[in-house]
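Below is one structure, written out as structure tokens; comments come after it.
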Amino acid sequence: MGLSAYLTLSATVFAIGLFGVLTRRNTIGILLGIELMLNAVNINLVSFSHFQGETAGMVFTLFAICITVAEVALGLALVILLFRSRRTVIADHIDMLKG
Amino acid sequence: MIDSPGLFWCLSIVLVGSALAVVLTKNLFHSVLWLALALTGTAGVFLSLHAEFLAAVQLLLYAGGLITIVVFAIVVTERLVGEKLSHTSRHITAGTIVAAAVLAVLVVVIQRAPLALTAVPLEGEATRLIGDAVLTRFALAFELLAMILLTALVGAIYFARPED
């Protein structure tokens with residue numbers, strides 16, 4: 001399969017993730033959508049790396065995976081904190097800056 | 001052959017199908033399980049691109065670690081039984097329009113770009129090359145990554161500390 005097939009696949013997954021981020025009410029659901037989008041980016045990086053014979057893309061993917069895991073751990077800590085103070089994980093209900 | 005068109009289409013169907021299930025399922029817990037399948041499918045795509053090391057990392061960190069963290073967060077913030085777990089969607093029409101527009105733009109750009117059809121083989125084993133690059137060309141980024149992980153850990157512990 002050519003490079004464009006992999007890029008189209010990752011674009012599709014990216015658009016699905018974007019749809020999830022835009023439409024989910026639950027904060028954890030939004031995080032899952034972000035996961036899908038980051039995953040699509042990783043597919044892009046690895047496929048360019050494969051089709052150009054260059055390792056930089058794979059190294060970037062490794063970094064991206066690590067940063068994503070840190071980001072999710074922090075995001076979920078924030079969700080738990082929000083749930084403690086506001087008793088909700090619905091993004092639309094979190095509309096006060098003052099705790 | 002690991003990069004045969006048949007395998008690619010099977011992986012594509014699994015990946016797109018499970019990704020759709022992640023954003024469309026009503027039950028949040030099922031959503032997470034579908035995400036685990038999507039991440040495993042991505043590991044399959046990495047395998048078909050001859051990135052065995054990244055496929056292993058993907059399985060260990062994402063499908064193993066991340067799913068566990070998300071499940072913990074759900075257990076803490078929701079009741080696992082009862083209708084509380086369902087998570088509905090809003091602005092579905094607007095979301096569909098925006099996502100479809102982004103997809104259309106991306107696909108048009110991809111179709112018009114002059115892209116390679118055949119792969120350029122790496123000079124050596126991929127895992128060894130990644131290790132060399134991480135400790136030479138990207139050594140600074142690697143150290144910064146360690147700092148980010150440490151900061152995230154400390155930050156997460158600080159946020160999730162018990163109430164005084």
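Residues are referred to by chain and number: the chain letter is A, B, ... according to the order shown in the structure tokens, the number counts from 1 in that chain, and ligands are numbered separately from 1 in the order shown.
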
Non-local contacts of Ala99 (chain B) (9 Å; only C-alpha atoms; under 5 positions in same chain excluded) as a VMD selection string
(chain A and resid 14 to 19 22) or (chain B and resid 94 104)

Can you pull out the residues contacting region 35-42 of chain B? Cut-off 9 Å, using only C-alpha atoms, and skip same-chain residues under 2 positions away; I want them as an MDAnalysis selection string.
(chainID A and resid 32 35:36 39:40 42:43) or (chainID B and resid 11:12 14:19 21:22 30:33 44:47 55 58:59 62:64 66:67)

DSSP-assigned helix (DSSP H, G or I) among chain B, expressed as a PyMOL selection string
chain B and resi 5-24+28-48+52-77+83-85+92-112+126-135+139-159

Could you please tell me, as a PyMOL selection string, which residues of chain A have an atom within 8 Å of chain B when using only C-alpha atoms?
chain A and resi 1-4+7-9+11-20+22-26+28-29+32-33+36+39+43+46-47+50-56+58-59+61-63+65-67+69-74+76-81+83+89
